[in-house]
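Accompanying notes for the structure given below.
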Amino acid sequence: MAGVLRAERVWVETFTGLRWQQFGRLLKAVRERGGNGTLQGRPWALPLAERVLIVSVYYRTNLTMRQLGPLFGVSSSTVCRVIQKLGPLLAVEPMARPADAADRLWIVDGTLIPVRDRKVGASSRNYRFSANVQVIVDADTRLVIATGPPVPGTTADAHAWRASGLAEHCQDVTVLADGAYLNCGMVTPHRKRPRRALLP
């Protein structure tokens with residue numbers, strides 16, 4: 001039993017990015033929101049904990065339903081039903097902007113999300129048709145503050161950021177970003193200027 005528990009813990013922490021205690025709180029919230037349903041009719045092939053794990057892994061890794069099915073020993077159609085049923089229950093309740101937002105530290109980055117819609121996606125550096133979505137998270141709570149509309153995956157992060165309209169959410173807040181966001185009004189790493197000394 002201890003070996004099974006360790007295996008489940010490794011799965012949770014590796015594939016979801018959540019600590020074991022955080023996953024426990026998430027599981028409790030889903031159960032309280034009716035994740036187990038009425039327990040009438042045909043039972044689920046997997047217990048609630050594994051169903052929550054499927055949805056968490058799906059959102060975290062962008063694995064397809066066909067890939068997740070064999071990992072959990074179920075069909076891809078079962079994975080689809082699990083995600084449709086439990087996906088909305090994993091969403092956190094909307095949060096108002098805290099009064100001390102000026103003291104908060106936010107992080108922005110673009111993420112490539114595989115899509116099938118060729119009007120939105122483009123063949124990008126992950127060798128899949130993807131959309132670039134800009135995401136702002138709170139560095140302390142790791143909660144998502146806002147996301148931008150999808151743009152083709154070949155779009156540079158700086159261009160995607162300017163087109164997203166998210167800058168208005170970041171007024172009076174310190175925002176960190178990587179070197180792809182130079183001259184976008186965020187705190188970015190310093191780059192050594194060509195053939196010149198490093199800045200102090």
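Here, A, B, ... name the chains of the structure tokens in the order displayed, residue numbers run from 1 inside each chain, and ligands are numbered from 1 in the same displayed order.
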- Give the strand (DSSP E or B) residues of stretch 15-190 of chain A, as DSSP finds them on the backbone, and put them as an MDAnalysis selection string. chainID A and resid 105:114 122:123 129:138 144:147 151:152 174:176 187
- Contacts of stretch 79-83 of chain A at 10 Å (only C-alpha atoms; same-chain gap of 3+ positions) as number ranges by chain: A: 35, 44, 46, 48, 50-52, 54-56, 58-59, 64-70, 72-76, 86-90
- Task: Using only C-alpha atoms, pick whichever of A:Thr111, A:Ala180, A:Trp11, A:Pro194 has the shortest atom-to-atom distance to A:Pro149.
- Result: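 Under the stated criterion, the closest residue is A:Thr111.
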- Message: With only C-alpha atoms as the counted atoms, please give the residues lying no more than 8 Å from A:Val108, apart from itself and same-chain residues fewer than 2 positions off, as a PyMOL selection string.
- Response: chain A and resi 106+110+134-137+175-177
Would you mind exporting the chosen residues as a PDB file, in the first residue's frame, restricted to all heavy atoms?
```
ATOM      1  N   TRP A 106       3.822  39.877 -10.257  1.00  0.00           N
ATOM      2  CA  TRP A 106       3.181  39.042 -11.263  1.00  0.00           C
ATOM      3  C   TRP A 106       4.203  38.599 -12.290  1.00  0.00           C
ATOM      4  O   TRP A 106       5.236  39.256 -12.478  1.00  0.00           O
ATOM      5  CB  TRP A 106       2.050  39.801 -11.955  1.00  0.00           C
ATOM      6  CG  TRP A 106       0.866  40.061 -11.068  1.00  0.00           C
ATOM      7  CD1 TRP A 106       0.679  39.635  -9.792  1.00  0.00           C
ATOM      8  CD2 TRP A 106      -0.293  40.821 -11.407  1.00  0.00           C
ATOM      9  NE1 TRP A 106      -0.527  40.073  -9.312  1.00  0.00           N
ATOM     10  CE2 TRP A 106      -1.144  40.799 -10.270  1.00  0.00           C
ATOM     11  CE3 TRP A 106      -0.689  41.504 -12.528  1.00  0.00           C
ATOM     12  CZ2 TRP A 106      -2.372  41.447 -10.256  1.00  0.00           C
ATOM     13  CZ3 TRP A 106      -1.910  42.149 -12.522  1.00  0.00           C
ATOM     14  CH2 TRP A 106      -2.752  42.123 -11.389  1.00  0.00           C
ATOM     15  N   GLY A 110       4.293  33.536 -22.466  1.00  0.00           N
ATOM     16  CA  GLY A 110       3.446  32.950 -23.487  1.00  0.00           C
ATOM     17  C   GLY A 110       3.549  31.438 -23.451  1.00  0.00           C
ATOM     18  O   GLY A 110       4.623  30.895 -23.181  1.00  0.00           O
ATOM     19  N   GLN A 134      -0.953  34.415 -24.075  1.00  0.00           N
ATOM     20  CA  GLN A 134      -0.244  35.129 -23.024  1.00  0.00           C
ATOM     21  C   GLN A 134      -0.961  34.929 -21.687  1.00  0.00           C
ATOM     22  O   GLN A 134      -2.183  35.078 -21.609  1.00  0.00           O
ATOM     23  CB  GLN A 134      -0.169  36.623 -23.355  1.00  0.00           C
ATOM     24  CG  GLN A 134       0.577  36.924 -24.639  1.00  0.00           C
ATOM     25  CD  GLN A 134       2.038  36.541 -24.542  1.00  0.00           C
ATOM     26  OE1 GLN A 134       2.768  37.036 -23.683  1.00  0.00           O
ATOM     27  NE2 GLN A 134       2.475  35.654 -25.419  1.00  0.00           N
ATOM     28  N   VAL A 135      -0.194  34.591 -20.649  1.00  0.00           N
ATOM     29  CA  VAL A 135      -0.775  34.273 -19.341  1.00  0.00           C
ATOM     30  C   VAL A 135      -0.071  35.099 -18.273  1.00  0.00           C
ATOM     31  O   VAL A 135       1.164  35.179 -18.246  1.00  0.00           O
ATOM     32  CB  VAL A 135      -0.622  32.771 -19.017  1.00  0.00           C
ATOM     33  CG1 VAL A 135      -1.252  32.447 -17.672  1.00  0.00           C
ATOM     34  CG2 VAL A 135      -1.234  31.918 -20.118  1.00  0.00           C
ATOM     35  N   ILE A 136      -0.862  35.709 -17.388  1.00  0.00           N
ATOM     36  CA  ILE A 136      -0.322  36.422 -16.231  1.00  0.00           C
ATOM     37  C   ILE A 136      -0.668  35.624 -14.987  1.00  0.00           C
ATOM     38  O   ILE A 136      -1.825  35.267 -14.776  1.00  0.00           O
ATOM     39  CB  ILE A 136      -0.924  37.842 -16.094  1.00  0.00           C
ATOM     40  CG1 ILE A 136      -0.720  38.649 -17.369  1.00  0.00           C
ATOM     41  CG2 ILE A 136      -0.315  38.574 -14.903  1.00  0.00           C
ATOM     42  CD1 ILE A 136      -1.449  39.978 -17.361  1.00  0.00           C
ATOM     43  N   VAL A 137       0.333  35.329 -14.161  1.00  0.00           N
ATOM     44  CA  VAL A 137       0.094  34.612 -12.910  1.00  0.00           C
ATOM     45  C   VAL A 137       0.647  35.418 -11.748  1.00  0.00           C
ATOM     46  O   VAL A 137       1.566  36.220 -11.907  1.00  0.00           O
ATOM     47  CB  VAL A 137       0.735  33.200 -12.909  1.00  0.00           C
ATOM     48  CG1 VAL A 137       0.151  32.341 -14.002  1.00  0.00           C
ATOM     49  CG2 VAL A 137       2.239  33.281 -13.027  1.00  0.00           C
ATOM     50  N   VAL A 175       5.717  43.511 -12.822  1.00  0.00           N
ATOM     51  CA  VAL A 175       5.538  42.333 -13.665  1.00  0.00           C
ATOM     52  C   VAL A 175       6.898  41.869 -14.164  1.00  0.00           C
ATOM     53  O   VAL A 175       7.664  42.654 -14.719  1.00  0.00           O
ATOM     54  CB  VAL A 175       4.616  42.623 -14.865  1.00  0.00           C
ATOM     55  CG1 VAL A 175       4.403  41.368 -15.694  1.00  0.00           C
ATOM     56  CG2 VAL A 175       3.281  43.182 -14.390  1.00  0.00           C
ATOM     57  N   LEU A 176       7.197  40.584 -13.955  1.00  0.00           N
ATOM     58  CA  LEU A 176       8.442  39.988 -14.436  1.00  0.00           C
ATOM     59  C   LEU A 176       8.190  39.266 -15.753  1.00  0.00           C
ATOM     60  O   LEU A 176       7.122  38.676 -15.949  1.00  0.00           O
ATOM     61  CB  LEU A 176       8.993  38.981 -13.423  1.00  0.00           C
ATOM     62  CG  LEU A 176       9.372  39.489 -12.049  1.00  0.00           C
ATOM     63  CD1 LEU A 176       9.910  38.335 -11.199  1.00  0.00           C
ATOM     64  CD2 LEU A 176      10.414  40.587 -12.135  1.00  0.00           C
ATOM     65  N   ALA A 177       9.174  39.280 -16.632  1.00  0.00           N
ATOM     66  CA  ALA A 177       9.070  38.563 -17.905  1.00  0.00           C
ATOM     67  C   ALA A 177      10.473  38.178 -18.346  1.00  0.00           C
ATOM     68  O   ALA A 177      11.473  38.686 -17.819  1.00  0.00           O
ATOM     69  CB  ALA A 177       8.394  39.428 -18.959  1.00  0.00           C
TER      70      ALA A 177
END
```
- Between atom CA of A:Thr14 and atom CA of A:Arg60, what is the distance, to one decimal in Å? 10.3 Å
- Got a sec: who's within 8 Å of A:Leu105, counting only C-alpha atoms, leaving out chain neighbours fewer than 4 positions off, as JSON, numbers by chain? {"A": [138, 139, 140, 173, 174, 175, 176]}
Residues just named, written with all heavy atoms as a PDB file, in the first residue's frame:
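The resulting file, again.pdb, is shown below:
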```
ATOM      1  N   ASP A 138       0.083  35.204 -10.575  1.00  0.00           N
ATOM      2  CA  ASP A 138       0.580  35.795  -9.350  1.00  0.00           C
ATOM      3  C   ASP A 138       1.759  34.959  -8.864  1.00  0.00           C
ATOM      4  O   ASP A 138       1.628  33.744  -8.705  1.00  0.00           O
ATOM      5  CB  ASP A 138      -0.528  35.826  -8.296  1.00  0.00           C
ATOM      6  CG  ASP A 138      -0.126  36.607  -7.060  1.00  0.00           C
ATOM      7  OD1 ASP A 138       0.843  36.193  -6.386  1.00  0.00           O
ATOM      8  OD2 ASP A 138      -0.778  37.607  -6.737  1.00  0.00           O
ATOM      9  N   ALA A 139       2.907  35.589  -8.649  1.00  0.00           N
ATOM     10  CA  ALA A 139       4.105  34.843  -8.263  1.00  0.00           C
ATOM     11  C   ALA A 139       3.959  34.187  -6.898  1.00  0.00           C
ATOM     12  O   ALA A 139       4.603  33.170  -6.631  1.00  0.00           O
ATOM     13  CB  ALA A 139       5.321  35.769  -8.268  1.00  0.00           C
ATOM     14  N   ASP A 140       3.116  34.734  -6.038  1.00  0.00           N
ATOM     15  CA  ASP A 140       2.968  34.193  -4.691  1.00  0.00           C
ATOM     16  C   ASP A 140       1.968  33.043  -4.653  1.00  0.00           C
ATOM     17  O   ASP A 140       2.261  31.948  -4.190  1.00  0.00           O
ATOM     18  CB  ASP A 140       2.537  35.301  -3.729  1.00  0.00           C
ATOM     19  CG  ASP A 140       2.396  34.807  -2.304  1.00  0.00           C
ATOM     20  OD1 ASP A 140       3.230  33.991  -1.870  1.00  0.00           O
ATOM     21  OD2 ASP A 140       1.444  35.220  -1.622  1.00  0.00           O
ATOM     22  N   VAL A 173       1.503  47.434 -10.939  1.00  0.00           N
ATOM     23  CA  VAL A 173       1.941  46.131 -10.444  1.00  0.00           C
ATOM     24  C   VAL A 173       3.293  45.813 -11.067  1.00  0.00           C
ATOM     25  O   VAL A 173       3.507  46.065 -12.249  1.00  0.00           O
ATOM     26  CB  VAL A 173       0.931  45.024 -10.798  1.00  0.00           C
ATOM     27  CG1 VAL A 173       1.401  43.680 -10.269  1.00  0.00           C
ATOM     28  CG2 VAL A 173      -0.445  45.353 -10.247  1.00  0.00           C
ATOM     29  N   THR A 174       4.218  45.267 -10.270  1.00  0.00           N
ATOM     30  CA  THR A 174       5.507  44.847 -10.802  1.00  0.00           C
ATOM     31  C   THR A 174       5.329  43.532 -11.548  1.00  0.00           C
ATOM     32  O   THR A 174       4.835  42.553 -10.984  1.00  0.00           O
ATOM     33  CB  THR A 174       6.539  44.664  -9.670  1.00  0.00           C
ATOM     34  OG1 THR A 174       6.657  45.897  -8.957  1.00  0.00           O
ATOM     35  CG2 THR A 174       7.895  44.270 -10.237  1.00  0.00           C
ATOM     36  N   VAL A 175       5.717  43.511 -12.822  1.00  0.00           N
ATOM     37  CA  VAL A 175       5.538  42.333 -13.665  1.00  0.00           C
ATOM     38  C   VAL A 175       6.898  41.869 -14.164  1.00  0.00           C
ATOM     39  O   VAL A 175       7.664  42.654 -14.719  1.00  0.00           O
ATOM     40  CB  VAL A 175       4.616  42.623 -14.865  1.00  0.00           C
ATOM     41  CG1 VAL A 175       4.403  41.368 -15.694  1.00  0.00           C
ATOM     42  CG2 VAL A 175       3.281  43.182 -14.390  1.00  0.00           C
ATOM     43  N   LEU A 176       7.197  40.584 -13.955  1.00  0.00           N
ATOM     44  CA  LEU A 176       8.442  39.988 -14.436  1.00  0.00           C
ATOM     45  C   LEU A 176       8.190  39.266 -15.753  1.00  0.00           C
ATOM     46  O   LEU A 176       7.122  38.676 -15.949  1.00  0.00           O
ATOM     47  CB  LEU A 176       8.993  38.981 -13.423  1.00  0.00           C
ATOM     48  CG  LEU A 176       9.372  39.489 -12.049  1.00  0.00           C
ATOM     49  CD1 LEU A 176       9.910  38.335 -11.199  1.00  0.00           C
ATOM     50  CD2 LEU A 176      10.414  40.587 -12.135  1.00  0.00           C
TER      51      LEU A 176
END
```
